[in-house]
Structures are given as C-alpha cells and as structure tokens.
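J.: This one is protein.cif, mmCIF, C-alpha atoms; chains and numbers go by the auth columns.
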```
data_coords
#
loop_
_atom_site.group_PDB
_atom_site.id
_atom_site.type_symbol
_atom_site.label_atom_id
_atom_site.label_comp_id
_atom_site.label_asym_id
_atom_site.label_seq_id
_atom_site.Cartn_x
_atom_site.Cartn_y
_atom_site.Cartn_z
_atom_site.B_iso_or_equiv
_atom_site.auth_seq_id
_atom_site.auth_asym_id
ATOM 1 C CA MET A 1 161.112 -51.081 0.715 0.00 156 I
ATOM 2 C CA GLU A 2 159.798 -47.660 1.690 0.00 157 I
ATOM 3 C CA ASN A 3 156.302 -47.307 3.119 0.00 158 I
ATOM 4 C CA ILE A 4 154.269 -44.733 1.291 0.00 159 I
ATOM 5 C CA GLU A 5 151.382 -43.163 3.120 0.00 160 I
ATOM 6 C CA ILE A 6 148.424 -42.223 1.039 0.00 161 I
ATOM 7 C CA GLU A 7 146.132 -39.625 2.459 0.00 162 I
ATOM 8 C CA ILE A 8 142.627 -39.672 1.132 0.00 163 I
ATOM 9 C CA GLU A 9 140.549 -36.620 1.799 0.00 164 I
ATOM 10 C CA ILE A 10 136.825 -37.031 1.819 0.00 165 I
ATOM 11 C CA ASP A 11 134.555 -34.038 1.557 0.00 166 I
ATOM 12 C CA LYS A 12 132.408 -33.413 4.646 0.00 167 I
ATOM 13 C CA ALA A 13 129.299 -33.835 2.536 0.00 168 I
ATOM 14 C CA VAL A 14 130.419 -37.383 1.749 0.00 169 I
ATOM 15 C CA HIS A 15 131.033 -38.066 5.459 0.00 170 I
ATOM 16 C CA ARG A 16 127.538 -36.719 6.210 0.00 171 I
ATOM 17 C CA LYS A 17 125.963 -38.984 3.554 0.00 172 I
ATOM 18 C CA LEU A 18 127.872 -42.000 4.848 0.00 173 I
ATOM 19 C CA ALA A 19 126.805 -41.194 8.420 0.00 174 I
ATOM 20 C CA VAL A 20 123.145 -40.967 7.422 0.00 175 I
ATOM 21 C CA ASP A 21 123.257 -44.072 5.220 0.00 176 I
ATOM 22 C CA CYS A 22 124.966 -46.127 7.925 0.00 177 I
ATOM 23 C CA PHE A 23 122.511 -44.869 10.576 0.00 178 I
ATOM 24 C CA ASN A 24 119.522 -45.780 8.412 0.00 179 I
ATOM 25 C CA GLY A 25 121.012 -49.141 7.449 0.00 180 I
ATOM 26 C CA THR A 26 121.628 -49.921 11.099 0.00 181 I
ATOM 27 C CA TRP A 27 118.032 -49.013 11.907 0.00 182 I
ATOM 28 C CA THR A 28 116.761 -51.362 9.186 0.00 183 I
ATOM 29 C CA LEU A 29 118.727 -54.238 10.699 0.00 184 I
ATOM 30 C CA MET A 30 117.635 -53.303 14.237 0.00 185 I
ATOM 31 C CA GLU A 31 114.016 -53.806 13.189 0.00 186 I
ATOM 32 C CA LYS A 32 114.649 -57.260 11.704 0.00 187 I
ATOM 33 C CA ALA A 33 113.472 -60.187 13.828 0.00 188 I
ATOM 34 C CA ASP A 34 116.039 -62.897 13.105 0.00 189 I
ATOM 35 C CA LEU A 35 119.487 -61.603 12.285 0.00 190 I
ATOM 36 C CA SER A 36 122.173 -63.824 10.815 0.00 191 I
ATOM 37 C CA ARG A 37 125.687 -63.655 12.220 0.00 192 I
ATOM 38 C CA GLU A 38 126.724 -61.609 9.184 0.00 193 I
ATOM 39 C CA GLU A 39 123.831 -59.181 9.689 0.00 194 I
ATOM 40 C CA ILE A 40 124.779 -58.767 13.346 0.00 195 I
ATOM 41 C CA ASP A 41 128.363 -57.972 12.331 0.00 196 I
ATOM 42 C CA THR A 42 127.115 -55.515 9.713 0.00 197 I
ATOM 43 C CA MET A 43 124.725 -53.844 12.176 0.00 198 I
ATOM 44 C CA ILE A 44 127.512 -53.296 14.715 0.00 199 I
ATOM 45 C CA SER A 45 129.940 -52.048 12.082 0.00 200 I
ATOM 46 C CA MET A 46 127.433 -49.675 10.485 0.00 201 I
ATOM 47 C CA ALA A 47 126.408 -48.168 13.834 0.00 202 I
ATOM 48 C CA HIS A 48 130.037 -47.448 14.704 0.00 203 I
ATOM 49 C CA ALA A 49 130.767 -46.208 11.173 0.00 204 I
ATOM 50 C CA SER A 50 127.850 -43.784 11.356 0.00 205 I
ATOM 51 C CA ARG A 51 129.131 -42.400 14.671 0.00 206 I
ATOM 52 C CA TYR A 52 132.646 -42.082 13.218 0.00 207 I
ATOM 53 C CA HIS A 53 131.468 -40.130 10.183 0.00 208 I
ATOM 54 C CA TRP A 54 129.442 -37.811 12.450 0.00 209 I
ATOM 55 C CA GLU A 55 132.664 -37.054 14.344 0.00 210 I
ATOM 56 C CA ILE A 56 133.943 -35.494 11.141 0.00 211 I
ATOM 57 C CA ALA A 57 130.817 -33.967 9.635 0.00 212 I
ATOM 58 C CA GLY A 58 128.320 -33.584 12.448 0.00 213 I
ATOM 59 C CA ASP A 59 127.602 -31.719 15.627 0.00 214 I
ATOM 60 C CA ALA A 60 127.002 -32.707 19.248 0.00 215 I
ATOM 61 C CA THR A 61 123.427 -33.775 18.500 0.00 216 I
ATOM 62 C CA ASN A 62 124.643 -36.169 15.809 0.00 217 I
ATOM 63 C CA LEU A 63 127.285 -37.583 18.156 0.00 218 I
ATOM 64 C CA ALA A 64 124.792 -38.129 20.978 0.00 219 I
ATOM 65 C CA ARG A 65 122.334 -39.825 18.649 0.00 220 I
ATOM 66 C CA GLY A 66 125.137 -41.963 17.246 0.00 221 I
ATOM 67 C CA ASP A 67 126.038 -43.190 20.725 0.00 222 I
ATOM 68 C CA TRP A 68 122.327 -43.676 21.469 0.00 223 I
ATOM 69 C CA GLN A 69 122.008 -45.936 18.414 0.00 224 I
ATOM 70 C CA ILE A 70 125.144 -47.915 19.236 0.00 225 I
ATOM 71 C CA SER A 71 123.836 -48.477 22.767 0.00 226 I
ATOM 72 C CA ARG A 72 120.509 -49.654 21.369 0.00 227 I
ATOM 73 C CA VAL A 73 122.286 -52.107 19.051 0.00 228 I
ATOM 74 C CA TYR A 74 124.153 -53.621 21.993 0.00 229 I
ATOM 75 C CA CYS A 75 120.921 -53.824 23.990 0.00 230 I
ATOM 76 C CA ILE A 76 119.327 -55.799 21.167 0.00 231 I
ATOM 77 C CA LEU A 77 122.335 -58.123 21.282 0.00 232 I
ATOM 78 C CA LYS A 78 122.105 -58.398 25.109 0.00 233 I
ATOM 79 C CA ARG A 79 125.601 -56.989 25.583 0.00 234 I
ATOM 80 C CA PRO A 80 125.303 -54.748 28.670 0.00 235 I
ATOM 81 C CA GLU A 81 128.862 -53.417 28.962 0.00 236 I
ATOM 82 C CA PRO A 82 129.102 -51.709 25.556 0.00 237 I
ATOM 83 C CA ALA A 83 125.424 -50.709 25.799 0.00 238 I
ATOM 84 C CA GLU A 84 126.114 -48.923 29.083 0.00 239 I
ATOM 85 C CA TYR A 85 129.305 -47.320 27.775 0.00 240 I
ATOM 86 C CA HIS A 86 127.574 -45.762 24.770 0.00 241 I
ATOM 87 C CA ALA A 87 124.468 -44.786 26.766 0.00 242 I
ATOM 88 C CA THR A 88 126.727 -42.980 29.230 0.00 243 I
ATOM 89 C CA ARG A 89 128.578 -41.234 26.387 0.00 244 I
ATOM 90 C CA CYS A 90 125.237 -40.174 24.910 0.00 245 I
ATOM 91 C CA LEU A 91 124.141 -38.679 28.231 0.00 246 I
ATOM 92 C CA GLN A 92 127.509 -36.959 28.762 0.00 247 I
ATOM 93 C CA ILE A 93 127.369 -35.345 25.328 0.00 248 I
ATOM 94 C CA CYS A 94 123.806 -34.158 25.964 0.00 249 I
ATOM 95 C CA ILE A 95 124.722 -32.587 29.311 0.00 250 I
ATOM 96 C CA GLU A 96 128.040 -31.080 28.212 0.00 251 I
ATOM 97 C CA ASN A 97 126.461 -29.475 25.143 0.00 252 I
ATOM 98 C CA LYS A 98 123.104 -28.564 26.698 0.00 253 I
ATOM 99 C CA LEU A 99 121.233 -30.468 24.002 0.00 254 I
ATOM 100 C CA SER A 100 117.457 -30.446 23.639 0.00 255 I
ATOM 101 C CA ASP A 101 115.065 -32.082 26.081 0.00 256 I
ATOM 102 C CA PHE A 102 114.324 -34.661 23.367 0.00 257 I
ATOM 103 C CA ASP A 103 117.973 -35.727 23.177 0.00 258 I
ATOM 104 C CA LEU A 104 118.278 -35.741 26.959 0.00 259 I
ATOM 105 C CA ALA A 105 115.138 -37.872 27.286 0.00 260 I
ATOM 106 C CA ILE A 106 116.419 -40.455 24.808 0.00 261 I
ATOM 107 C CA ALA A 107 119.774 -40.462 26.603 0.00 262 I
ATOM 108 C CA PHE A 108 117.934 -41.427 29.796 0.00 263 I
ATOM 109 C CA GLU A 109 116.053 -44.032 27.756 0.00 264 I
ATOM 110 C CA ALA A 110 119.386 -45.479 26.588 0.00 265 I
ATOM 111 C CA LYS A 111 120.655 -45.582 30.174 0.00 266 I
ATOM 112 C CA ALA A 112 117.426 -47.259 31.333 0.00 267 I
ATOM 113 C CA ARG A 113 117.535 -49.827 28.525 0.00 268 I
ATOM 114 C CA ALA A 114 121.201 -50.635 29.231 0.00 269 I
ATOM 115 C CA GLY A 115 120.362 -51.000 32.924 0.00 270 I
ATOM 116 C CA SER A 116 117.562 -53.400 32.023 0.00 271 I
ATOM 117 C CA VAL A 117 119.878 -55.508 29.857 0.00 272 I
ATOM 118 C CA ALA A 118 122.421 -55.583 32.693 0.00 273 I
ATOM 119 C CA GLY A 119 119.744 -56.666 35.164 0.00 274 I
ATOM 120 C CA ASN A 120 120.176 -53.449 37.141 0.00 275 I
ATOM 121 C CA LEU A 121 116.512 -52.641 37.706 0.00 276 I
ATOM 122 C CA GLY A 122 117.246 -49.790 40.121 0.00 277 I
ATOM 123 C CA ASP A 123 119.305 -48.039 37.451 0.00 278 I
ATOM 124 C CA ARG A 124 116.632 -48.786 34.860 0.00 279 I
ATOM 125 C CA ASP A 125 113.842 -47.352 37.029 0.00 280 I
ATOM 126 C CA HIS A 126 115.845 -44.268 38.033 0.00 281 I
ATOM 127 C CA ASN A 127 116.600 -43.395 34.409 0.00 282 I
ATOM 128 C CA LEU A 128 113.025 -44.064 33.332 0.00 283 I
ATOM 129 C CA ILE A 129 111.833 -41.508 35.897 0.00 284 I
ATOM 130 C CA LEU A 130 114.394 -38.955 34.711 0.00 285 I
ATOM 131 C CA GLY A 131 113.522 -39.682 31.092 0.00 286 I
ATOM 132 C CA ARG A 132 109.787 -39.242 31.624 0.00 287 I
ATOM 133 C CA GLU A 133 110.315 -36.023 33.587 0.00 288 I
ATOM 134 C CA THR A 134 112.484 -34.694 30.777 0.00 289 I
ATOM 135 C CA ALA A 135 110.087 -35.866 28.056 0.00 290 I
ATOM 136 C CA ALA A 136 107.260 -33.950 29.743 0.00 291 I
ATOM 137 C CA LYS A 137 109.209 -30.736 29.003 0.00 292 I
ATOM 138 C CA ILE A 138 109.510 -31.405 25.256 0.00 293 I
ATOM 139 C CA MET A 139 107.522 -28.728 23.463 0.00 294 I
ATOM 140 C CA ASP A 140 107.222 -30.471 20.084 0.00 295 I
ATOM 141 C CA LEU A 141 104.352 -32.963 20.368 0.00 296 I
ATOM 142 C CA ALA A 142 105.780 -35.474 17.862 0.00 297 I
ATOM 143 C CA GLU A 143 109.159 -35.487 19.615 0.00 298 I
ATOM 144 C CA ARG A 144 107.491 -35.862 23.024 0.00 299 I
ATOM 145 C CA LYS A 145 105.433 -38.826 21.764 0.00 300 I
ATOM 146 C CA GLN A 146 108.532 -40.447 20.254 0.00 301 I
ATOM 147 C CA ALA A 147 110.567 -40.021 23.434 0.00 302 I
ATOM 148 C CA LEU A 148 107.740 -41.418 25.591 0.00 303 I
ATOM 149 C CA ALA A 149 107.224 -44.352 23.215 0.00 304 I
ATOM 150 C CA ASP A 150 110.931 -45.185 23.433 0.00 305 I
ATOM 151 C CA LEU A 151 110.861 -44.887 27.231 0.00 306 I
ATOM 152 C CA ASN A 152 107.742 -47.060 27.450 0.00 307 I
ATOM 153 C CA SER A 153 109.401 -49.753 25.310 0.00 308 I
ATOM 154 C CA VAL A 154 112.200 -50.357 27.842 0.00 309 I
ATOM 155 C CA PRO A 155 111.728 -53.899 29.203 0.00 310 I
#
```
As structure tokens, please, write out the structure in this file.
T.:
Amino acid sequence: MENIEIEIEIDKAVHRKLAVDCFNGTWTLMEKADLSREEIDTMISMAHASRYHWEIAGDATNLARGDWQISRVYCILKRPEPAEYHATRCLQICIENKLSDFDLAIAFEAKARAGSVAGNLGDRDHNLILGRETAAKIMDLAERKQALADLNSVP
C-alpha cells in the first residue's frame, strides 16, 4: 500500500489566532489553584502549541514570550530542567534580537524563577538583580510595574 502525504496549509492568521488562544488558555490554567492531571497535561501542551504557532506567525518578541510562558509553566510544576531550558531560550532570543527592556526584564525573571525552583539561590539572586536593573530602564510605567511585580513574585 502506498503512503500518501497530505499537506495541510494553514493561513498565518489562523496560526496567530491559535497561538493567542493557546497562550491565554495556558494562562487561565496557570492561575488555577488545584490542577487535575488532565489540566496539567493540557497546560503543558497548550504552552508548547502556542510557542509552535508563534514560530510560524510571530516575531522574536512572540517567541521569547512563548518560551517565558513555557518556563513559568514548568516552574509551577516544580520541574527545574525544562524551566531553565526555556528561560535560557527566552533570554537568548531577547539578546540576539535586541528586544525591549520589558522582554529582557521578564527573561531575567524567568531565569531567576527557574533558579529558585532548582534550588540555585545564587543564580536566582543574580538574575533578580539583572532583572530589576533592566526593569528600572523601562519607559512605559505599566510595563515597568508588571515586570517588577513578576520579579518580586519569584520565591
């Protein structure tokens, strides 16, 4: 029997909508106190799906924020290795693409949070300092407050 490959093309607008919907759905689950096993699986899958769809329809900012969210999901689940991997990817994307001070500050927040989950308090503290220094440079007041709130929430 011959294998037939079917190629499905999805418009970039559809990828963008899926990325946003998955990001928002992940966020909703991240805020829930007691997650079932199925909700945990869904949260992980949606975070990765959002990042995937941004690869097709987004820009460097979307990619960095996707990795930031994935790292945060793994921090919630107390899984330091994938949290660190995605925090590092977030920071790399920010640096390589010269993203905004807001994105750089939340990348440092992701690194600090992953360090905290891993029990690496030196790494946590170092990234908190870098994050706060970067957040101080954010011109938009709402973004600065958000970045500082995220940094201050690192355990």
J.: Here's the selection I'm unsure about, the PyMOL selection byres ((chain I and resi 271-280) around 10); applied to the file above, which residues does it give, as a PyMOL selection string?
T.: chain I and resi 229-236+238-239+263-270+281-286+309-310
J.: Could you write those residues out with C-alpha atoms, as a PDB file, in the coordinates of the input?
T.:
```
ATOM      1  CA  TYR I 229     124.153 -53.621  21.993  1.00  0.00           C
ATOM      2  CA  CYS I 230     120.921 -53.824  23.990  1.00  0.00           C
ATOM      3  CA  ILE I 231     119.327 -55.799  21.167  1.00  0.00           C
ATOM      4  CA  LEU I 232     122.335 -58.123  21.282  1.00  0.00           C
ATOM      5  CA  LYS I 233     122.105 -58.398  25.109  1.00  0.00           C
ATOM      6  CA  ARG I 234     125.601 -56.989  25.583  1.00  0.00           C
ATOM      7  CA  PRO I 235     125.303 -54.748  28.670  1.00  0.00           C
ATOM      8  CA  GLU I 236     128.862 -53.417  28.962  1.00  0.00           C
ATOM      9  CA  ALA I 238     125.424 -50.709  25.799  1.00  0.00           C
ATOM     10  CA  GLU I 239     126.114 -48.923  29.083  1.00  0.00           C
ATOM     11  CA  PHE I 263     117.934 -41.427  29.796  1.00  0.00           C
ATOM     12  CA  GLU I 264     116.053 -44.032  27.756  1.00  0.00           C
ATOM     13  CA  ALA I 265     119.386 -45.479  26.588  1.00  0.00           C
ATOM     14  CA  LYS I 266     120.655 -45.582  30.174  1.00  0.00           C
ATOM     15  CA  ALA I 267     117.426 -47.259  31.333  1.00  0.00           C
ATOM     16  CA  ARG I 268     117.535 -49.827  28.525  1.00  0.00           C
ATOM     17  CA  ALA I 269     121.201 -50.635  29.231  1.00  0.00           C
ATOM     18  CA  GLY I 270     120.362 -51.000  32.924  1.00  0.00           C
ATOM     19  CA  HIS I 281     115.845 -44.268  38.033  1.00  0.00           C
ATOM     20  CA  ASN I 282     116.600 -43.395  34.409  1.00  0.00           C
ATOM     21  CA  LEU I 283     113.025 -44.064  33.332  1.00  0.00           C
ATOM     22  CA  ILE I 284     111.833 -41.508  35.897  1.00  0.00           C
ATOM     23  CA  LEU I 285     114.394 -38.955  34.711  1.00  0.00           C
ATOM     24  CA  GLY I 286     113.522 -39.682  31.092  1.00  0.00           C
ATOM     25  CA  VAL I 309     112.200 -50.357  27.842  1.00  0.00           C
ATOM     26  CA  PRO I 310     111.728 -53.899  29.203  1.00  0.00           C
TER      27      PRO I 310
END
```
J.: What is the CA of Asp305 in chain I-CA of Asp256 in chain I distance in Å, reported with one decimal?
T.: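 Taking CA of Asp305 in chain I and CA of Asp256 in chain I, their separation equals 14.0 Å.
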J.: So, with all atoms listed in the file as the atoms that count, which of I:Asp176, I:Thr216, I:Leu190, I:Arg227 lies closest to Ala204 in chain I?
T.: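 Closest residue, counting all atoms listed in the file: I:Asp176.
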J.: Using only C-alpha atoms, which of I:Ala174, I:Leu259, I:Ile199, I:Cys249 sits nearest Ala212 in chain I?
T.: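 The closest residue to Ala212 in chain I is I:Ala174.
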J.: How far is it from CA of Asn252 in chain I to CA of Ile211 in chain I, in Å with one decimal?
T.: 17.0 Å
J.: Considering all atoms listed in the file, state which residue in the set I:Trp209, I:Leu184, I:Ser191, I:Ser255 is at the smallest distance from His170 in chain I.
T.: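 Smallest distance to His170 in chain I is found for I:Trp209.
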J.: In Å, with one decimal, what is the gap from CA of Thr197 in chain I to CA of Thr181 in chain I?
T.: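 Straight-line distance from CA of Thr197 in chain I to CA of Thr181 in chain I works out to 8.0 Å.
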J.: Within 6 Å of Cys177 in chain I, counting all atoms listed in the file, which residues qualify if same-chain residues fewer than 4 places away don't, as a list in words?
T.: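 Residues meeting the cut-off are Leu173, Thr181, Met201 and Ser205 of chain I.
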J.: Hey, can you pull every residue with an atom no more than 12 Å from (106.8, -35.4, 32.2), using only C-alpha atoms, and send it as a PyMOL selection string?
T.: chain I and resi 256-257+260+283-294+299-300+302-303+306
J.: Env of range 217-225 of chain I: 6 Å cut, atoms = all atoms listed in the file, seq-sep filter 3 positions within chain, self excluded. Answer as a PDB file with C-alpha atoms, keeping the file's coordinate frame.
T.:
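File selection.pdb, as written:
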```
ATOM      1  CA  ALA I 202     126.408 -48.168  13.834  1.00  0.00           C
ATOM      2  CA  ARG I 206     129.131 -42.400  14.671  1.00  0.00           C
ATOM      3  CA  GLY I 213     128.320 -33.584  12.448  1.00  0.00           C
ATOM      4  CA  ASP I 214     127.602 -31.719  15.627  1.00  0.00           C
ATOM      5  CA  VAL I 228     122.286 -52.107  19.051  1.00  0.00           C
ATOM      6  CA  HIS I 241     127.574 -45.762  24.770  1.00  0.00           C
ATOM      7  CA  ALA I 242     124.468 -44.786  26.766  1.00  0.00           C
ATOM      8  CA  CYS I 245     125.237 -40.174  24.910  1.00  0.00           C
ATOM      9  CA  ILE I 248     127.369 -35.345  25.328  1.00  0.00           C
TER      10      ILE I 248
END
```
